[in-house]
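The block underneath contains the structure these notes are about, expressed in structure tokens.
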Amino acid sequence: MDRKVALVTGAARGIGLGVSARLAREGWHVVMADLDPPLAPPPGSVRAARADVGDPAAVEALVAGLRAEEGRLDALVSNAGIMIRKPIRELSVAEWSRVLATNLSATFLLVRAAEDLLRAARGAVVTIASTRAHQSEPHTEAYAASKGGLVALTHALAISLGPEVRVNCISPGWIHTQGEVLRPEDHAQHPAGRVGRVEDVAALVAWLIGPESGFVTGAEFIVDGGMTRRMIYAE
Ligand SMILES: NC(=O)c1ccc[n+]([C@@H]2O[C@H](COP(=O)([O-])OP(=O)(O)OC[C@H]3O[C@@H](n4cnc5c(N)ncnc54)[C@H](O)[C@@H]3O)[C@@H](O)[C@H]2O)c1
């Protein structure tokens, strides 16, 4: 394939769909991996691929398909993620494991399967963690642990895969994806004056896998409108 190829996971909706649309618009060929078909396939060169990225065999099959169909991989955007919010006494081992598999092990599985393709392309990896890697609401242990692990996995991979492959992490704050109605106070509490949009994350992904970020690897970028810099004490 002549075009550069990006693999985006969790691409059927939300941030992953927005990232896929942005990259396709910029001329990338995008393999959109998800459990579900895309809500609305974006214009451009895209291929939807069904895969459970927490399942080792499914990841092997996904990368084998990419090897056969596209024959190259220039960028991996490891974005698929789930949250199960339950008091810890109610959280089953199966639920804990599913969150860890989807949010953390998937990146290990994807990079392990595609390392040679990424190295050959002198490619880039972007992981999507969360500001919840650093701060928490109650009953989010599995999610926070998975995202904290993903931040650490990102810098470990950057050291192992360099200099051929750069690996960076984006930790979003509140990104509006579900179509829920936002109140004025939802926007106002952010130092940036608004809740985030998928385009805010997509723009940074495009830069991190593009030619202008060649001196950036192993880094975590917080995209949260300043929320984690805001000190909050009850009045
Ligand atoms: N939206 C936010 O406010 C926010 C904030 C911080 C971090 N994030 C992170 O950003 C990423 C995307 O979030 P979003 O809000 O767009 O989520 P979303 O729920 O809208 O979309 C997630 C997508 O991932 C897919 N997916 C889930 N499990 C999968 C699996 N095992 N294999 C393949 N695909 C799977 C889903 O089908 C879905 O299409 C997630 O990792 C999430 O943790 C989101």
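Residues in the structure tokens are numbered from 1 in each chain, the chains being A, B, ... in the order shown, and ligands are numbered from 1 in the order shown.
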
Could you make a table, as a tab-separated table, of the residues of chain A that have an atom within 6 Å of an atom of ligand 1, each with its nearest atom pair and distance in Å to one decimal, counting only C-alpha atoms and all ligand atoms, in chain and number order?
residue	atom	partner	partner_atom_place_in_ligand_line	distance
A:Thr9	CA	ligand 1	34 (N)	6.0
A:Gly10	CA	ligand 1	24 (O)	3.3
A:Ala11	CA	ligand 1	39 (O)	5.5
A:Ala12	CA	ligand 1	39 (O)	4.2
A:Arg13	CA	ligand 1	39 (O)	4.6
A:Gly14	CA	ligand 1	16 (O)	3.4
A:Ile15	CA	ligand 1	16 (O)	3.7
A:Gly16	CA	ligand 1	16 (O)	5.7
A:Asp34	CA	ligand 1	34 (N)	3.7
A:Leu35	CA	ligand 1	33 (C)	4.5
A:Asp36	CA	ligand 1	37 (O)	5.4
A:Ala51	CA	ligand 1	33 (C)	5.5
A:Asp52	CA	ligand 1	32 (N)	3.5
A:Val53	CA	ligand 1	32 (N)	4.1
A:Gly54	CA	ligand 1	31 (N)	4.9
A:Asn79	CA	ligand 1	41 (O)	4.7
A:Ala80	CA	ligand 1	24 (O)	4.0
A:Gly81	CA	ligand 1	41 (O)	3.4
A:Ile82	CA	ligand 1	27 (C)	5.6
A:Thr102	CA	ligand 1	31 (N)	4.9
A:Ile128	CA	ligand 1	41 (O)	5.4
A:Ala129	CA	ligand 1	7 (C)	5.6
A:Ser130	CA	ligand 1	7 (C)	4.1
A:Pro172	CA	ligand 1	6 (C)	4.3
A:Gly173	CA	ligand 1	5 (C)	4.7
A:Trp174	CA	ligand 1	3 (O)	3.7
A:Ile175	CA	ligand 1	3 (O)	3.7
A:His176	CA	ligand 1	1 (N)	5.9
A:Thr177	CA	ligand 1	15 (O)	5.6

Exercise for review: Write out as a ChimeraX atom specification each polymer residue whose atoms come within 10 Å of Ala206 (chain A), counting only C-alpha atoms; drop sequence neighbours fewer than 3 positions from it.
Suggested key: /A:19-20,22-23,26,75,126,201-203,209-213

Atoms to include: C-alpha atoms. Write the selected residues as a CSV table (one decimal), in the first residue's frame.
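Saved the output as selection_38.csv:
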chain,number,residue,atom,x,y,z
A,19,VAL,CA,-9.3,9.9,15.4
A,20,SER,CA,-10.0,7.6,12.4
A,22,ARG,CA,-9.1,12.9,11.2
A,23,LEU,CA,-6.4,10.5,10.0
A,26,GLU,CA,-5.2,13.7,6.2
A,75,ALA,CA,0.9,4.0,13.4
A,126,VAL,CA,-0.1,6.4,20.7
A,201,VAL,CA,-7.6,14.3,21.1
A,202,ALA,CA,-7.6,13.6,17.4
A,203,ALA,CA,-5.5,16.7,16.6
A,209,ILE,CA,2.2,10.1,14.7
A,210,GLY,CA,3.3,12.8,12.2
A,211,PRO,CA,6.7,14.1,11.1
A,212,GLU,CA,6.9,17.1,13.4
A,213,SER,CA,7.1,15.2,16.7

Practice item. Might you pull out every residue within 10 Å of Leu66 (chain A), with only C-alpha atoms counted and same-chain residues fewer than 6 positions away left off, and present them as JSON, numbers by chain? Key: {"A": [5, 7, 31, 47, 49, 60, 72, 73, 114, 117]}

Point to revise | Of the listed residues A:Pro184, A:Gly149, A:Gly27, A:Gly225, that which approaches Gly44 (chain A) most closely, counting only C-alpha atoms | key: A:Gly27

Study note, to complete from the structure: CA of Glu90 (chain A) to CA of Glu141 (chain A) measures 11.7 Å

Check your understanding: Please, what distance in Å, to one decimal, runs between CA of His190 (chain A) and CA of Arg132 (chain A)?
Key ->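 Straight-line distance from CA of His190 (chain A) to CA of Arg132 (chain A) works out to 15.9 Å.
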
Practice item. Check the smallest atom-to-atom distance from each of A:Pro41, A:Gly218, A:Gly148, A:Pro138 to Asn168 (chain A) using only C-alpha atoms, then report the winner. Key: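 Closest to Asn168 (chain A) of all the choices is A:Gly218.
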
Exercise for review: Just the strand (DSSP E) stuff from region 63-219 of chain A, please, per backbone DSSP, written as a ChimeraX atom specification.
Suggested key: /A:75-78,124-128,166-172,175-176,196-197

Practice item. Would you return as a PyMOL selection string the members of region 28-136 of chain A that DSSP assigns to alpha helix (DSSP H) on this structure's backbone? Key: chain A and resi 56-69+93-100+106-120

Keeping only C-alpha atoms, write the selected residues to a file as a CSV table (one decimal), in the first residue's frame.
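Done, and the output landed in result.csv:
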chain,number,residue,atom,x,y,z
A,56,PRO,CA,-4.7,-12.7,22.4
A,57,ALA,CA,-5.9,-14.9,19.5
A,58,ALA,CA,-8.1,-12.1,18.1
A,59,VAL,CA,-5.2,-9.6,18.2
A,60,GLU,CA,-3.0,-12.1,16.3
A,61,ALA,CA,-5.7,-12.6,13.7
A,62,LEU,CA,-6.2,-8.8,13.4
A,63,VAL,CA,-2.5,-8.2,12.8
A,64,ALA,CA,-2.2,-11.2,10.4
A,65,GLY,CA,-5.1,-9.6,8.4
A,66,LEU,CA,-3.4,-6.3,8.3
A,67,ARG,CA,-0.1,-8.0,7.2
A,68,ALA,CA,-2.0,-9.7,4.4
A,69,GLU,CA,-4.3,-6.7,3.3
A,93,VAL,CA,-12.4,-11.1,39.3
A,94,ALA,CA,-13.8,-11.6,35.8
A,95,GLU,CA,-14.8,-7.9,35.6
A,96,TRP,CA,-11.4,-6.8,36.9
A,97,SER,CA,-9.7,-9.0,34.4
A,98,ARG,CA,-11.8,-7.8,31.5
A,99,VAL,CA,-11.0,-4.1,32.2
A,100,LEU,CA,-7.3,-4.9,32.5
A,106,ALA,CA,-4.4,-5.0,24.5
A,107,THR,CA,-1.5,-2.6,24.0
A,108,PHE,CA,1.0,-5.3,24.9
A,109,LEU,CA,-0.6,-7.8,22.6
A,110,LEU,CA,-0.9,-5.3,19.7
A,111,VAL,CA,2.7,-4.1,19.9
A,112,ARG,CA,4.0,-7.7,20.4
A,113,ALA,CA,2.2,-8.8,17.2
A,114,ALA,CA,3.1,-5.8,15.1
A,115,GLU,CA,6.6,-4.8,16.4
A,116,ASP,CA,8.4,-5.8,13.1
A,117,LEU,CA,5.9,-3.8,11.0
A,118,LEU,CA,6.2,-0.7,13.2
A,119,ARG,CA,10.0,-0.9,13.2
A,120,ALA,CA,10.2,-1.4,9.4
